[in-house]
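What follows is a short report on a single structure.
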2 protein chains.
Amino acid sequence: MTSAETGPKWAYEDFTAGLSIPLGPKHVTAAEIIEFASEFDAQPMHLDEEAGRASILGGLSASGWHTCAMFMRMLADAFILDSTSQGAPGVDYVRWKRPVLAGDTLDGHVTVLSRRLSRSRPDLGLVTMEATLANQRDETVFEFRNTIMFLARGARR
Amino acid sequence: MTSAETGPKWAYEDFTAGLSIPLGPKHVTAAEIIEFASEFDAQPMHLDEEAGRASILGGLSASGWHTCAMFMRMLADAFILDSTSQGAPGVDYVRWKRPVLAGDTLDGHVTVLSRRLSRSRPDLGLVTMEATLANQRDETVFEFRNTIMFLARGARR
């Protein structure tokens with residue numbers, strides 16, 4: 001995705017406050033819910049349709065961490081993989097507002113809240129973003145905020 | 001793990017403030033770092049040793065979301081899978097304090113901060129926990145806080 005001549009499409013300077021970038025759509029299958037849960041979060045409601053229906057989640061539902069991972073993939077595809085991203089120091093919050101159920105299709109957007117250059121490394125910028133994902137019924141399922149580090153355009157990588 | 005006669009080992013009442021439960025150890029391999037990143041977070045420093053060394057992370061490093069997923073697995077193995085857990089509404093914060101590198105071994109603990117019964121469902125309790133993970137050099141790599149819902153002992157599941 002990155003051209004050797006021009007560098008990545010997205011650098012620190014491109015993330016202006018108010019910018020909104022679409023995410024998804026991502027269709028969520030029962031098989032991938034079960035695969036993720038089997039490795040990382042083998043609670044019954046993430047492994048079995050009947051156990052999911054019997055739980056307060058109401059059906060076979062993705063581990064909240066699986067939703068986070070799917071969200072990361074949406075971010076990656078939307079801009080991170082064609083950017084000067086240097087990673088992130090953490091997450092301000094995650095809200096799993098509703099269950100993500102097998103068969104759901106998620107989409108949403110990420111919005112730039114603010115940015116600043118690093119005091120210690122002036123070629124590095126910190127961009128604070130919030131994001132939401134909704135299902136095919138327009139019900140919000142996921143809310144998120146964090147700060148991602150991006151090199152300024154032309155910074156030595 | 002759950003006995004039909006006694007139910008899960010861990011119910012709401014067992015999570016007293018100050019209780020500390022050990023997590024891990026978990027050895028992190030290059031293969032699993034690359035596998036997770038290939039699916040969810042295909043940034044070069046999560047896919048390739050050389051690209052990792054060239055980044056500010058200093059080596060082939062796990063996606064922060066992979067660290068979260070490994071943390072969830074440690075929680076599951078420590079007590080969640082033998083508990084009355086009903087899931088969690090979200091995460092208060094995640095701090096990726098240092099890179100998790102291929103070859104690292106992580107361990108840590110989770111500590112109960114406080115708990116309260118749900119106002120709307122008195123058989124359901126909310127337990128707030130914080131956790132830290134460190135590597136084999138005793139460097140903290142991960143800090144976390146959230147609230148998990150557990151049924152009270154004897155509640156109808």
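If you're wondering about the labels, chains in the structure tokens are A, B, ... by order shown, residues count from 1 in each chain, ligands from 1 in order shown.
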
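In plain terms, chain B touches chain A through Phe40, Asp41, Ala69, Arg73, Pro89, Gly90, Val91, Asp92, Tyr93, Val94, Arg95 and Trp96 of chain B, where touching means an atom at most 6 Å away, counting only C-alpha atoms.
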
Output N, CA, C and O atoms of each residue in that selection to a file, as a compact mmCIF listing (two decimals), in the first residue's frame.
# COMPACT_ATOMS: atom_id res chain seq x y z
N PHE B 40 -5.68 -9.62 12.61
CA PHE B 40 -6.34 -8.46 13.20
C PHE B 40 -5.55 -7.15 13.17
O PHE B 40 -6.14 -6.07 13.31
N ASP B 41 -4.24 -7.20 13.04
CA ASP B 41 -3.44 -5.98 13.24
C ASP B 41 -2.11 -6.12 12.50
O ASP B 41 -1.05 -6.20 13.12
N ALA B 69 -6.00 -10.09 24.61
CA ALA B 69 -6.59 -11.42 24.44
C ALA B 69 -5.86 -12.46 25.30
O ALA B 69 -6.50 -13.32 25.93
N ARG B 73 -7.32 -14.76 28.41
CA ARG B 73 -7.12 -16.19 28.59
C ARG B 73 -6.57 -16.50 29.99
O ARG B 73 -6.98 -17.48 30.64
N PRO B 89 -19.47 -5.01 31.09
CA PRO B 89 -19.98 -3.94 30.22
C PRO B 89 -18.89 -3.14 29.50
O PRO B 89 -19.22 -2.32 28.65
N GLY B 90 -17.64 -3.36 29.86
CA GLY B 90 -16.59 -2.61 29.17
C GLY B 90 -15.29 -2.67 29.94
O GLY B 90 -15.08 -3.53 30.79
N VAL B 91 -14.42 -1.73 29.61
CA VAL B 91 -13.08 -1.64 30.19
C VAL B 91 -12.85 -0.18 30.58
O VAL B 91 -13.12 0.72 29.79
N ASP B 92 -12.36 0.02 31.80
CA ASP B 92 -12.10 1.40 32.24
C ASP B 92 -10.85 1.96 31.57
O ASP B 92 -10.82 3.12 31.19
N TYR B 93 -9.80 1.15 31.51
CA TYR B 93 -8.59 1.56 30.78
C TYR B 93 -7.72 0.33 30.52
O TYR B 93 -7.81 -0.66 31.24
N VAL B 94 -6.92 0.46 29.48
CA VAL B 94 -5.81 -0.46 29.22
C VAL B 94 -4.58 0.40 29.03
O VAL B 94 -4.63 1.42 28.32
N ARG B 95 -3.48 0.01 29.65
CA ARG B 95 -2.20 0.70 29.42
C ARG B 95 -1.18 -0.32 28.94
O ARG B 95 -0.87 -1.27 29.66
N TRP B 96 -0.74 -0.12 27.69
CA TRP B 96 0.33 -0.96 27.15
C TRP B 96 1.64 -0.27 27.52
O TRP B 96 2.17 0.57 26.77

* Could you find all residues in chain A that DSSP calls strand (DSSP E) from the backbone, and write them as a PyMOL selection string? => chain A and resi 20-27+90-96+105-117+124-134+140-151

Taking 5 positions as the minimum chain separation for residues in the same chain, which residues sit within 6 Å of region 121-131 of chain A when counting only C-alpha atoms? Answer as JSON, numbers by chain. {"A": [12, 109, 110, 111, 112, 113, 114, 115, 116, 143, 144, 145, 146, 147, 148, 149, 150, 151, 152, 155]}

- Message: DSSP on the backbone: which residues in region 18-101 of chain B end up as helix (DSSP H, G or I)? Give the answer as a ChimeraX atom specification.
- Response: /B:30-40,44-46,49-54,64-78,80-82

Students should find that CA of Leu106 (chain A) and CA of Arg53 (chain A) are spaced 20.4 Å
